[in-house]
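Student: This is the structure I have questions about; it appears just below.
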Amino acid sequence: MATVTYDKATRVYPGSEVASVDSLDIAVEDGEFLVFVGPSGCGKSTSLRMLAGLEEINSGRILIGDRDVTNLSPKDRDVAMVFQNYALYPHMSVADNMGFALKIAGTPKAEIRTRVEEAAKILDLTEYLDRKPAKLSGGQRQRVAMGRAIVRQPQVFLMDEPLSNLDAKLRVQTRTQIASLQRRLGVTTVYVTHDQVEAMTMGDRVAVLKDGVLQQCDSPRNMYDRPNNVFVAGFIGSPAMNLLELPVADGGVKLGQSIYPVSRDALSAAGSSVTLGVRPEDLVPNSNGEGIPVEVDVVEELGADAYVYGRTNAGRDDDLQIVARVDGRRVPDKGTTVHFTPKGDHIHLFSAESGERIDNESPNTVSAPSLQQ
Amino acid sequence: MLFIATSATYFPASAFLDPRSDYLKLRPIPPTSSIDASLTHAGVNDKTSADRSRREPACGTERHTNSSRGTPNMYASRMVGMPLGKRLNSSAGSPSTAGALASTPWHDQGVALDITAARPWPALLDLPWRTPLEQWPEDILAALPRGLSRHVVRFLRFEGRVIAVKEIKADIARREYNLLRMLRRIGVPAVEPVGVVAGRIGTDGEPLDACLLTRHLQYSLPYRAMLSQTLRPDTADRLIDALAVLLVRLHLAGFWWGDVSLSNTLFKRSAGEFAAYLVDAETGELHDTLSDGQRAHDLDIARVNIAGELLDLQGGGFVDEDVDPVSVSGQILDRYAVLWEALTAIERFSDDKRWRVEERIRGLNDLGFDVGELDITTDFDGAHIQIQPKVVDAGHHSRRLLRLTGVDVEDNQARRLLNDLDSFRASQDRQNDDEEQVAHDWLTQVYEPITRSVPRELRGRMEPAEIFHEILEHRWYMSEKAQLDVTIESAAADYVEHVMPDKPDESAVVGVDTESIPVRAKRP
């Protein structure tokens, strides 16, 4: 077990002018579950492969513990790619299936047996060690496969989209299993996925990448509540956060007929307009006609909740798209206009120019700002 | 009247009443999957997977004649998006044996299949696609023993061919299909992809995984068959040699395999050696070039997998206890390293040793490679020369034989045939004759009569070039025993009478069917 440090690690593919991974700086703690997530081509797989030793590092370095592994070959790094390729061998016992790779590495027989028994205990396979895999249930076979990686006792587990082959239902089950197993083993794990739900549910911390640049590395909670920029705000969460570019008015941001109060410091950083972000669940229907008027286009009913898809001009000349979550038992009709007000402290402000987050927490602002008519 | 009135109402209505228009007007437009789900739920979904695939780029493929190096014969077709009624019609005229086997034919249910195929093959539609692959009727299958695998794989006898069918998610199937096509296009020995069947719905209405279809390579042998059938102790070594050559070729082409193993490879006999073909490209990736780390990782995977496969065979009692799986699997590292070094190393020597350039090229030819591009640089003072092969192509001997005779065979078989051609030339004292002319005479006077002298019923057991090689071997044994030169004609006659009848038919030996380890493919 060990820490993993990306120290300005950069990968530029030959013939390309742009870095696929640009000066990545992340310190993964010992025993931590870190998830790289982002759209395709963002550099998440490349980042993992740089750690695995499959991609060259053009500048910067990567450390595992205190050891600089930048120029080491994959097998000298003491990392294990999990789930990439496993096969269960029908004529070998469960114990042999789990431990045979250690034989190749020259591990003494007694130690192989000890490690296999330890792994079997964690995986609830002790009583099956002498059986053949064909005699096991699906879930047990799956755990045998995991056991093959565990007995190697690597410093770091690496997983590159391990669930992409599974159907939706099995993906959810396996996701939970991997996460709980990782916590029991306490082995530092770096995981790659394109699915932000997978990232948010599994990771201790999530690292969002875009165009090879780290956007934010944070706990799922912070990632959701305090996105660093417009990209993270839009990427994390489903349906996505509503992002409205709105004019700045005196004392705040113009939201329909209302002014959403913003501190003077924040406003001075904003310029003439600002991007206001509010998640669908943070919009509350307002029966007094205050807030943002939304013309309802469609309602997607999910039972307990419903999503309202609509349009608003919210103080602008053109229409903006809005998604709001409402009580599934009180859904508005299509074609009607409903007013929504954002829950006071769940508003995000971003610079319209740079997309960076603007902090709106200065003493000048009331802690839970309400809209002024 | 009634008909006209109904039609007159229906057609304008169907044109204007688009159930998806309500959703498409929305901003943001809900995801297609969400719209589809809502429409399906309401029973008004006008689109199917076949419609979706119509928007994908058309997939053509190249079809090689019986060689991976032959002139590509480019033609393509795509059987997608056709309404089922129509597709069924296209195959209605041809009676099919498989069609009768599907207990509930999918076409009765109005389900839309999405078939991407390398060429039109209407009879594919008659296979029981509504049934999970694990439950396909045994009488259309070609192999019965079952092994464990990540996915269900079954072999099928179909219109005189053997087809391997793998049940796998649609996007992964399409990706592998395209990768296999690409590999064949760049001349890497790989199985021929036949098609992808997606959009399958089971008889219970639940969606089933897609199927990737590949054509079984004729005269190829899976390692299990080879190791449990042959008595030569070095068979495992020769399989590893062949796999090492394949891996080097794949790596030179920029292909990272990700799951190198004996089970993912098929082997063809090649005059006492084996030629390896890639069968499973599911985990593979095609890059411009591979890093040392990627190559090392592939080798590491290869070593572990090979050891596991041999240990498993030993566990099942198929391989002798004397074989040490750990040391045999370690050979892949050595064989690979030697070959990689020979093909790519930089060599530096003084200017007065220019013959070493020629020597390097000959050495590569002996290994079966042609040098397409050689990098030659000199020092500032010109005292030293540095050379490094930049482009090497496998198949040196088979290309030469093909050019001379039109016979297209594995490289080592070609080497063997070329040696016989050389002896023919010497024995006829025609060293100064045109090479093509001598080759033509050898073909018509020796090779063809000998291979045709094998009775028709035995001919299919091995490829002609392999039969010819066997007869040459047999002649050597006969000559040694008799202590005089035996003619090839009498050697052939003796071989056909005494040896050939005991040879197994290897025209369509297929691997082990598999039952899935339901980690990836099967629903709980």
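All residue names refer to the structure tokens as shown: chains lettered A, B, ... in order, residues numbered from 1 in each chain, ligands numbered from 1 in order.
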Near Glu356 in chain A, within 12 Å and counting only C-alpha atoms, which residues show up once chain neighbours fewer than 5 positions away are dropped, as a list of chain:residue names?
Tutor: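 Counting only C-alpha atoms, the residues come to A:Gln215, A:Gln216, A:Arg226, A:Pro227, A:Asn228, A:Asn229, A:Val230, A:Phe231, A:Val232, A:Ala233, A:Ala266, A:Ala269, A:Ala270, A:Val274, A:Thr275, A:Leu276, A:Gly277, A:His348, A:Leu349, A:Phe350, A:Ser351.
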Student: Determine which residues of chain A sit within 6 Å of chain B, taking into account only C-alpha atoms, and present them as a count of residues only.
Tutor: 15
Student: Which residue gives the smallest distance to Arg416 in chain B among B:Glu321, B:Arg181, B:Gln218, B:Glu473, with only C-alpha atoms counted?
Tutor: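 Of all the options, B:Glu473 lies closest to Arg416 in chain B.
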Student: If we count only C-alpha atoms and set the cut-off at 9 Å, which residues sit around range 358-366 of chain B, ignoring sequence neighbours fewer than 5 positions away in its own chain? Please answer as a PyMOL selection string.
Tutor: chain B and resi 342-343+347+371+389+392+394-397
Student: For the strand (DSSP E) assignment from backbone DSSP, which residues of range 264-312 of chain A qualify? Please present them as a VMD selection string.
Tutor: chain A and resid 273 to 278 283 to 285 292 to 301 305 to 312
Student: Output N, CA and C atoms for every residue in the selection just made, as an mmCIF file, in the first residue's frame.
Tutor:
data_model
loop_
_atom_site.group_PDB
_atom_site.id
_atom_site.type_symbol
_atom_site.label_atom_id
_atom_site.label_comp_id
_atom_site.auth_asym_id
_atom_site.auth_seq_id
_atom_site.Cartn_x
_atom_site.Cartn_y
_atom_site.Cartn_z
ATOM 1 N N SER A 273 -21.673 40.493 -17.368
ATOM 2 C CA SER A 273 -22.588 39.361 -17.235
ATOM 3 C C SER A 273 -21.904 38.239 -16.462
ATOM 4 N N VAL A 274 -22.720 37.303 -16.028
ATOM 5 C CA VAL A 274 -22.217 36.240 -15.177
ATOM 6 C C VAL A 274 -22.985 34.962 -15.508
ATOM 7 N N THR A 275 -22.348 33.815 -15.332
ATOM 8 C CA THR A 275 -23.072 32.553 -15.534
ATOM 9 C C THR A 275 -23.588 32.074 -14.184
ATOM 10 N N LEU A 276 -24.904 31.932 -14.117
ATOM 11 C CA LEU A 276 -25.509 31.486 -12.873
ATOM 12 C C LEU A 276 -25.903 30.023 -13.033
ATOM 13 N N GLY A 277 -25.488 29.210 -12.068
ATOM 14 C CA GLY A 277 -25.811 27.785 -12.147
ATOM 15 C C GLY A 277 -26.745 27.374 -11.034
ATOM 16 N N VAL A 278 -27.766 26.622 -11.377
ATOM 17 C CA VAL A 278 -28.657 26.094 -10.346
ATOM 18 C C VAL A 278 -29.115 24.701 -10.762
ATOM 19 N N LEU A 283 -34.451 24.277 -7.737
ATOM 20 C CA LEU A 283 -35.444 25.242 -8.207
ATOM 21 C C LEU A 283 -36.785 24.903 -7.536
ATOM 22 N N VAL A 284 -37.379 25.902 -6.895
ATOM 23 C CA VAL A 284 -38.628 25.663 -6.172
ATOM 24 C C VAL A 284 -39.756 26.436 -6.855
ATOM 25 N N PRO A 285 -40.885 25.756 -7.149
ATOM 26 C CA PRO A 285 -42.011 26.484 -7.752
ATOM 27 C C PRO A 285 -42.473 27.604 -6.814
ATOM 28 N N ILE A 292 -38.061 33.021 -11.740
ATOM 29 C CA ILE A 292 -37.886 32.815 -13.180
ATOM 30 C C ILE A 292 -39.163 32.225 -13.774
ATOM 31 N N PRO A 293 -39.758 32.898 -14.765
ATOM 32 C CA PRO A 293 -40.927 32.319 -15.420
ATOM 33 C C PRO A 293 -40.484 31.246 -16.411
ATOM 34 N N VAL A 294 -41.061 30.076 -16.302
ATOM 35 C CA VAL A 294 -40.666 28.977 -17.194
ATOM 36 C C VAL A 294 -41.895 28.462 -17.923
ATOM 37 N N GLU A 295 -41.835 28.468 -19.250
ATOM 38 C CA GLU A 295 -42.922 27.895 -20.038
ATOM 39 C C GLU A 295 -42.656 26.401 -20.189
ATOM 40 N N VAL A 296 -43.597 25.602 -19.726
ATOM 41 C CA VAL A 296 -43.363 24.159 -19.658
ATOM 42 C C VAL A 296 -43.516 23.521 -21.032
ATOM 43 N N ASP A 297 -42.471 22.825 -21.494
ATOM 44 C CA ASP A 297 -42.533 22.112 -22.766
ATOM 45 C C ASP A 297 -42.932 20.664 -22.577
ATOM 46 N N VAL A 298 -42.327 20.045 -21.606
ATOM 47 C CA VAL A 298 -42.647 18.637 -21.375
ATOM 48 C C VAL A 298 -42.377 18.300 -19.914
ATOM 49 N N VAL A 299 -43.071 17.286 -19.437
ATOM 50 C CA VAL A 299 -42.839 16.834 -18.076
ATOM 51 C C VAL A 299 -42.491 15.354 -18.125
ATOM 52 N N GLU A 300 -41.345 15.021 -17.547
ATOM 53 C CA GLU A 300 -40.938 13.622 -17.511
ATOM 54 C C GLU A 300 -41.259 13.096 -16.128
ATOM 55 N N GLU A 301 -42.220 12.210 -16.020
ATOM 56 C CA GLU A 301 -42.627 11.748 -14.693
ATOM 57 C C GLU A 301 -41.858 10.510 -14.282
ATOM 58 N N ASP A 305 -40.737 11.858 -8.236
ATOM 59 C CA ASP A 305 -40.372 13.175 -8.775
ATOM 60 C C ASP A 305 -40.806 13.274 -10.225
ATOM 61 N N ALA A 306 -40.708 14.499 -10.727
ATOM 62 C CA ALA A 306 -40.898 14.704 -12.158
ATOM 63 C C ALA A 306 -39.924 15.785 -12.588
ATOM 64 N N TYR A 307 -39.445 15.683 -13.811
ATOM 65 C CA TYR A 307 -38.595 16.745 -14.346
ATOM 66 C C TYR A 307 -39.401 17.592 -15.308
ATOM 67 N N VAL A 308 -39.329 18.892 -15.093
ATOM 68 C CA VAL A 308 -40.001 19.837 -15.973
ATOM 69 C C VAL A 308 -38.964 20.405 -16.923
ATOM 70 N N TYR A 309 -39.195 20.216 -18.218
ATOM 71 C CA TYR A 309 -38.312 20.804 -19.227
ATOM 72 C C TYR A 309 -39.041 22.000 -19.809
ATOM 73 N N GLY A 310 -38.376 23.157 -19.799
ATOM 74 C CA GLY A 310 -39.058 24.324 -20.324
ATOM 75 C C GLY A 310 -38.101 25.406 -20.769
ATOM 76 N N ARG A 311 -38.701 26.579 -21.046
ATOM 77 C CA ARG A 311 -37.897 27.700 -21.550
ATOM 78 C C ARG A 311 -38.200 28.945 -20.729
ATOM 79 N N THR A 312 -37.189 29.790 -20.631
ATOM 80 C CA THR A 312 -37.408 31.064 -19.963
ATOM 81 C C THR A 312 -36.609 32.125 -20.688
#
Student: Please identify the helix (DSSP H, G or I) residues within range 53-230 of chain A (assignment by DSSP from backbone atoms) and present them as a ChimeraX atom specification.
Tutor: /A:74-76,94-104,109-122,126-128,133-135,138-150,168-185,196-202,220-225,230
Student: Can you list, as a PyMOL selection string, every protein, DNA or RNA residue that comes within 7 Å of Val197 in chain B when you count only C-alpha atoms, leaving out same-chain residues fewer than 3 positions away?
Tutor: chain B and resi 113-116+210-212
Student: Just the number, please: distance in Å from CA of Arg325 in chain A to CA of Pro239 in chain A, one decimal.
Tutor: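 Taking CA of Arg325 in chain A and CA of Pro239 in chain A, their separation equals 9.3 Å.
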Student: Give the answer as one residue: which of A:Arg329, A:His346, A:Arg183, A:Lys334 has the shortest atom-to-atom distance to Gly203 in chain A, using only C-alpha atoms?
Tutor: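 Closest to Gly203 in chain A of all the choices is A:Arg183.
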